[in-house]
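Below is one structure, written out as structure tokens; comments come after it.
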Amino acid sequence: MEDKNRSLLNIIDLKKSFGDNLVLDGISFSLDTGENKVIIGPSGTGKSTVLNCVNRLVVPDGGEIWLEDTEIISCNNINEIRQEIGYVFQGFGLFHHLTALRNVMLGLIRVKKVPKKEAKEQAIAKLEQVGLLDVLDSYPAQLSGGQKQRVAIARALAMEPKLMLFDEPTSALDPELIGEVLNVMKNLAREGMTMLVVTHEMGFARAVSDEIIFMEKGKIVEKSSPEKMFKQPENPRTREFLFKLDELYGKGGEE
Amino acid sequence: MSARLELIRRSLPALLGGTVITIQMTVLILLFGVFFGLIFAFGQVYGNKPIRWFVNIYEKLFRSIPELVLLLLVFYGPPSIGIRISPFNAAVLGLSLRATAYMSQIFRGTFKSVGSDQITAAYSLGMGKYKTFLFVILPQAIRVFIPPFANEYAIILKDTSLAYALGVAELLRQGQYIIAVAYDPLTIFLVIAVIYFILTFGVTRLLKLLENKLKIPGIGVEIG
């Protein structure tokens with residue numbers, strides 16, 4: 001229990017079922033400030049559900065999730081907690097009726113109550129950070145998938161979160177657009193952002209993660225550093241899975 | 001020919017008087033329809049089970065009864081329990097009951113047209129249900145709302161002619177009065193048709209312009 005005060009995020013024995021389907025069967029791990037962890041595993045094993053529980057878009061059946069001193073599942077200020085947690089997911093979720101700039105400004109103005117002029121300056125700074133100064137006034141439908149996802153990242157960053165969650169951020173992208181999003185994420189990691197990433201991009205996992213968590217059937221099968229995970233995974237299932245990923249996506253690290 | 005023109009010239013004031021009643025009815029029915037339709041749609045999307053059940057039954061019921069039957073029921077029903085209702089009010093009420101059912105369906109469709117990804121994104125920024133509705137769903141729903149609203153407006157406008165059956169002195173009834181005196185049904189009905197056309201076409205045209213003005217750039221080119 002002392003642990004929860006040391007880590008930025010501490011997940012303890014998380015459980016969740018959808019109907020009869022046990023999706024999370026006692027997941028525990030923690031994330032320190034500046035750490036970067038990647039969750040991998042076959043689809044349908046609850047990876048996304050873990051992230052969705054962290055910002056309580058899904059309410060778990062059991063367990064605890066601590067963001068510093070706040071327990072997320074039982075807290076009564078979830079909208080304040082969500083501001084601390086950036087969330088980027090496969091489907092972008094950009095607001096169609098707003099320009100890229102306005103997408104980033106909306107949360108600042110309506111949630112953080114930042115005055116419009118300052119919100120604009122901050123939003124422009126975040127869009128610059130993701131390399132999108134040239135599309136400030138474009139609407140989502142006028143952007144490429146890679147640009148959309150970078151706007152989504154800028155929008156999440158604008159809230160100055162303590163933690164960023166990425167749920168398969170590149171899975172909906174054409175192969176040639178994946179690189180631009182991963183580069184933004186790598187830069188973020190280098191700048192010290194705390195990140196929890198669900199992805200199949202092993203090159204990314206290898207390059208920036210401090211730990212890789214292999215999940216299957218709602219359980220953590222193996223957790224270790226990327227070097228160890230790729231060179232000598234302990235569990236035969238991990239080995240099998242990584243082998244399959246290699247076949248599908250090529251060897252990790254060669255991008 | 002000149003006799004016809006003279007007839008039109010002489011009947012125009014009465015017909016325009018009827019047109020005013022027609023427009024009054026249309027505006028009132030639209031207001032009721034939008035107001036209650038919005039509430040019903042909210043109930044259907046965000047309400048609990050009994051509310052959803054009620055709205056569902058309501059819609060089924062009022063979409064299945066012919067407008068004319070509805071008007072007659074509303075006109076003859078209340079007096080049987082001692083409530084007096086004027087033909088004008090009965091017509092507005094009857095057609096509003098129907099309009100509410102259709103409007104609530106239109107609203108529901110427009111709310112749902114905003115993808116769940118955007119709602120997830122809004123929640124994860126810390127926007128609650130209320131802010132998400134106000135700043136994400138509503139601005140987009142209004143745009144989607146315009147074409148079906150224009151359609152519903154045209155239907156309501158034309159349906160007000162049914163108030164004729166209750167004796168409301170709207171456009172069609174005024175025409176009948178004139179025809180009874182100056183027997184030239186074709187000319188008068190043609191003038192009435194033209195007035196309905198102008199009211200329908202003019203307003204739907206304006207709504208189309210509004211729709212184009214509010215159009216989100218890029219949508220229709222590629223949605224994603």
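Chain identifiers are assigned as A, B, and so on, following the order in which chains appear in the structure tokens; residues are numbered from 1 within each chain, and ligands are numbered from 1 in order of appearance.
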
May I have the residues of chain A within 10 Å of chain B, counting only C-alpha atoms, written as JSON, numbers by chain? {"A": [52, 55, 56, 57, 77, 78, 79, 80, 81, 82, 83, 84, 85, 86, 87, 88, 89, 90, 91, 92, 93, 94, 95, 96, 97, 98, 99, 106, 107, 108, 110, 111, 112, 138, 139, 140, 141, 142, 143, 144, 145, 148, 152, 155, 156, 158, 159, 161]}

Where does DSSP see strand (DSSP E or B) in stretch 68-114 of chain A, if you list the residues as a PDB file with N, CA and C atoms, in the first residue's frame?
```pdb
ATOM      1  N   THR A  70      -5.243   9.792  -5.499  1.00  0.00           N
ATOM      2  CA  THR A  70      -6.681   9.667  -5.755  1.00  0.00           C
ATOM      3  C   THR A  70      -7.011   8.281  -6.288  1.00  0.00           C
ATOM      4  N   GLU A  71      -8.019   7.662  -5.700  1.00  0.00           N
ATOM      5  CA  GLU A  71      -8.471   6.376  -6.204  1.00  0.00           C
ATOM      6  C   GLU A  71      -9.553   6.672  -7.246  1.00  0.00           C
ATOM      7  N   ILE A  85      -5.374  12.992 -17.269  1.00  0.00           N
ATOM      8  CA  ILE A  85      -5.029  11.809 -18.044  1.00  0.00           C
ATOM      9  C   ILE A  85      -5.369  12.052 -19.511  1.00  0.00           C
ATOM     10  N   GLY A  86      -4.349  12.175 -20.352  1.00  0.00           N
ATOM     11  CA  GLY A  86      -4.608  12.333 -21.786  1.00  0.00           C
ATOM     12  C   GLY A  86      -4.949  10.987 -22.391  1.00  0.00           C
ATOM     13  N   TYR A  87      -5.887  10.981 -23.314  1.00  0.00           N
ATOM     14  CA  TYR A  87      -6.303   9.701 -23.893  1.00  0.00           C
ATOM     15  C   TYR A  87      -6.345   9.832 -25.408  1.00  0.00           C
ATOM     16  N   VAL A  88      -5.566   9.003 -26.075  1.00  0.00           N
ATOM     17  CA  VAL A  88      -5.519   9.009 -27.538  1.00  0.00           C
ATOM     18  C   VAL A  88      -5.864   7.602 -27.998  1.00  0.00           C
ATOM     19  N   PHE A  89      -6.808   7.493 -28.928  1.00  0.00           N
ATOM     20  CA  PHE A  89      -7.243   6.152 -29.317  1.00  0.00           C
ATOM     21  C   PHE A  89      -7.352   6.020 -30.827  1.00  0.00           C
TER      22      PHE A  89
END
```

Extract, using only C-alpha atoms, all DNA, RNA and protein residues at most 10 Å from stretch 44-55 of chain B, discarding same-chain residues fewer than 5 positions from it, and format them as a PyMOL selection string. chain B and resi 37-39+60-61+101+104-105+107-109+111-112

Would you mind reading off the distance between atom CA of B:Leu70 and atom CA of B:Leu157, one decimal, in Å?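 Taking atom CA of B:Leu70 as the start and atom CA of B:Leu157 as the end point, the length is 16.3 Å.
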
Name the residues in contact with stretch 189-204 of chain A at a cut-off of 8 Å, using only C-alpha atoms, excluding same-chain residues fewer than 3 positions from it; report them as a PyMOL selection string. chain A and resi 31-40+47-48+162-171+182+185-186+207-209+245+249+251-255
